[in-house]
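Some notes on the structure that comes next.
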Amino acid sequence: MAILDDNRLFPIEPSVRAQARALYDGVRDLPIISPHGHTDPRWFAENASFANPSALFVTPDHYVFRMLHSQGVSLDALGVPRADGTVSDVDPRDVWQLFASHYHLLRGTPSRLWLDHAFASVFDVQERLSASNAGAIYEQIDAALQTDAFRPRALFERFNIEAISTTESAIDDLKWHRMIRDSGWSGRVITAYRPDAVIDPEFAGFADNVALMGQMAGEDTGTWTGYLAAHRNRREYFKSFGATSTDHGHPTARTEDLPQDVAATLFDKALQGTCTAQEADAFRGHMLTEMARMSLDDGLVLQIHPGSFRNHSDHVLAGFGRDKGYDIPTRTDYVRALKPLLDAVGHRADLTVILFTLDESAYARELAPLAGVYPCLRLGPPWWFHDSPEGMMRFRQMTTETAGFYNTVGFNDDTRAFCSIPARHDVARRVDCAFLANLIATGRLDADEAPELAHDLAYGLAKRAYRL
């Protein structure tokens, strides 16, 4: 039994389906631009074989293990590393069997689409994973992983990835990126500057992180001017390893444009650990505007990922650390929150600020109208909970009429699971082609315009927006 339907995600009406299929056939094999993700640069630096199927598909992918965990499966039983780096003594075959026994929990989810696509197209698995065939499928995938054709660099080339960006903290030494560069391999793996640890006064170890950034940059980060200079230094360092963007995962979309003396006072309080919650939010907001001004100087694209109550479970955060599936969407105000930044730099066409959201109610009401008029703004695609066929279609439906297509940035695969990258892009290309086919069928788009638009949505917009 084939586990992939060739016409998945296409419209049901035959003539519209045929139009969608024709558009998709024109873009399905385009190179992948992966401008924002969380794959590990160490994979490409060392080019070592992936350890086993569980390490490839289960333990790094919070989209997968959070669903099993929601039904009472412990993270230790799934081999998820603890906060101190230790891993429970569990056989990866047992992890796989547990995963397979709970595979039904993923029915109807985007994770199921991604996994089935990876199993079938990458490893030639032609049966739906279940408890009864888990062992055989594990052995099939494991045998493949022991061959050179399934090492990270070989898969990178097989997936037709033109460029992929990882995401590193401002205080990362980028040693893996240096190893990639020094190896002479031609694959384009670049970094992105993620300064949350040295911008958010509520981030664990903020003062120590700022001091470390100062040491790495050769600047006195005990002073406001030295702190800003250290950011400029680190941004240039990241650019030397290919960075074209910064990324900011703040709790809110708040921005501020404070007088420099006020900002300096907040910074001093942040270092001393005496900021109130409101002062910490104000400082984060001001730093977004500072980052935007720095982007005018160095050309880095600024990404804002607000509206997530990150690490909602104190218990899981203490035991297993950050990014374990407990980032929960919150209501987000963009119109008022972004005004200080937009008043300062919003009309600069030489600046690109990409907005993301986990609050879908903001698409039509706030984000599309903002991106449809401010020259600096672009809309990022759905991510996290809304990185799904339905979420992608809702995004197009709620933003296109106001912002158009060209104030969006194509598709980003926000993933930690390497083999899901082509699967995610395939889903996005199918959904976009289905949307275009419906526009043609209802007289809102000329058929001769659609192929160029499909190409831009799959490839061109992301490449241009991220300056790749």
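By convention in this document, the chains of the structure tokens carry letters A, B, ... by their order, each chain's residues are numbered from 1, and ligands are numbered from 1 in the order they are shown.
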
- Who sits within 12 Å of Ser34 (chain A), only C-alpha atoms, same chain under 5 positions skipped, as a ChimeraX atom specification: /A:39,156,159-167,188-192,409-415,418,420-422,424-425,458-463,465-466,468

- Message: List as a list of chain:residue names the protein and nucleic acid residues near Ala337 (chain A), meaning an atom at most 8 Å away when only C-alpha atoms are counted, but skip any in the same chain fewer than 5 places from it.
- Response: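 In the requested format, the answer is A:Ala253, A:Arg254, A:Thr255.
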
- Which of these, A:Arg430, A:Asp5, A:Ser186, A:Asp446, has the shortest distance to Gly26 (chain A) once you count only C-alpha atoms? A:Arg430

- Item | Sel. of strand (DSSP E or B) residues, region 40-215 of chain A, as a list in words |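 Here is the list: Ile161, Glu162, Ala163, Ile164, Ser165, Glu168, Ser169, Val189, Ile190, Tyr193 and Arg194 of chain A.
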
- Quick one: everything within 12 Å of Ala454 (chain A), counting only C-alpha atoms, minus sequence neighbours fewer than 4 positions away in the same chain. Send it as a ChimeraX atom specification. /A:19-28,30,405-406,410-411,428-437,445,447-450,458-461

- Query: Hey, what's within 12 Å of Thr109 (chain A) if we count only C-alpha atoms and toss same-chain stuff fewer than 4 positions away? As a PyMOL selection string, please?
  - Reply: chain A and resi 63-64+67+103-105+113-116+385-391

Writer output for current selection, N, CA and C atoms, as a JSON list (two decimals), in the first residue's frame:
[["chain", "number", "residue", "atom", "x", "y", "z"],
["A", 63, "TYR", "N", 7.78, 18.51, 17.37],
["A", 63, "TYR", "CA", 6.47, 18.32, 16.76],
["A", 63, "TYR", "C", 5.99, 16.88, 16.99],
["A", 64, "VAL", "N", 6.92, 15.94, 17.01],
["A", 64, "VAL", "CA", 6.58, 14.53, 17.19],
["A", 64, "VAL", "C", 6.44, 14.19, 18.66],
["A", 67, "MET", "N", 3.40, 15.33, 20.91],
["A", 67, "MET", "CA", 2.12, 14.67, 20.75],
["A", 67, "MET", "C", 2.07, 13.38, 21.56],
["A", 103, "TYR", "N", 1.86, 5.88, 16.69],
["A", 103, "TYR", "CA", 1.85, 6.63, 15.43],
["A", 103, "TYR", "C", 0.45, 7.12, 15.08],
["A", 104, "HIS", "N", -0.57, 6.40, 15.55],
["A", 104, "HIS", "CA", -1.95, 6.81, 15.27],
["A", 104, "HIS", "C", -2.28, 8.18, 15.86],
["A", 105, "LEU", "N", -1.53, 8.61, 16.86],
["A", 105, "LEU", "CA", -1.80, 9.91, 17.47],
["A", 105, "LEU", "C", -1.56, 11.05, 16.49],
["A", 113, "LEU", "N", 2.02, 13.98, 7.64],
["A", 113, "LEU", "CA", 2.36, 14.22, 6.24],
["A", 113, "LEU", "C", 3.87, 14.24, 6.04],
["A", 114, "TRP", "N", 4.56, 14.97, 6.92],
["A", 114, "TRP", "CA", 6.01, 15.09, 6.78],
["A", 114, "TRP", "C", 6.70, 13.74, 6.97],
["A", 115, "LEU", "N", 6.29, 13.01, 7.99],
["A", 115, "LEU", "CA", 6.93, 11.72, 8.26],
["A", 115, "LEU", "C", 6.69, 10.73, 7.14],
["A", 116, "ASP", "N", 5.44, 10.61, 6.69],
["A", 116, "ASP", "CA", 5.15, 9.67, 5.59],
["A", 116, "ASP", "C", 5.94, 10.04, 4.35],
["A", 385, "PHE", "N", 2.49, 26.03, 15.36],
["A", 385, "PHE", "CA", 1.21, 25.35, 15.30],
["A", 385, "PHE", "C", 0.51, 25.52, 13.96],
["A", 386, "HIS", "N", 0.81, 26.57, 13.22],
["A", 386, "HIS", "CA", 0.08, 26.86, 11.99],
["A", 386, "HIS", "C", 0.89, 26.49, 10.75],
["A", 387, "ASP", "N", 2.00, 25.81, 10.93],
["A", 387, "ASP", "CA", 2.82, 25.32, 9.81],
["A", 387, "ASP", "C", 2.17, 24.03, 9.30],
["A", 388, "SER", "N", 1.02, 24.18, 8.65],
["A", 388, "SER", "CA", 0.17, 23.05, 8.29],
["A", 388, "SER", "C", -0.57, 23.40, 7.01],
["A", 389, "PRO", "N", -1.12, 22.42, 6.32],
["A", 389, "PRO", "CA", -1.88, 22.75, 5.10],
["A", 389, "PRO", "C", -3.01, 23.74, 5.37],
["A", 390, "GLU", "N", -3.78, 23.52, 6.42],
["A", 390, "GLU", "CA", -4.87, 24.43, 6.73],
["A", 390, "GLU", "C", -4.33, 25.82, 7.11],
["A", 391, "GLY", "N", -3.25, 25.83, 7.91],
["A", 391, "GLY", "CA", -2.67, 27.11, 8.31],
["A", 391, "GLY", "C", -2.14, 27.88, 7.12]]

- Message: Give me, as a PyMOL selection string, the residues of region 162-304 of chain A that a backbone DSSP run labels alpha helix (DSSP H).
- Response: chain A and resi 175-183+196-199+206-217+224-239+260-272+277-298

- Message: Here is a test: counting only C-alpha atoms, which residue of A:Ser169, A:Ser111, A:Thr246, A:Trp384 is nearest to Met213 (chain A)?
- Response: A:Ser169

- Go through A:Thr352, A:Gln397, A:Thr223, A:Thr252 and flag the residue nearest Pro375 (chain A), using only C-alpha atoms for the distances.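 For Pro375 (chain A), the nearest of the given residues is A:Thr352.
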
- What does the distance from CA of Arg348 (chain A) to CA of Ala263 (chain A) come to in Å, to one decimal?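 So the answer is 23.2 Å.
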
- Message: As an exercise, work out the distance from CA of Leu296 (chain A) to CA of Ala364 (chain A) in Å and give it to one decimal place.
- Response: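 Separation of CA of Leu296 (chain A) and CA of Ala364 (chain A): 28.3 Å.
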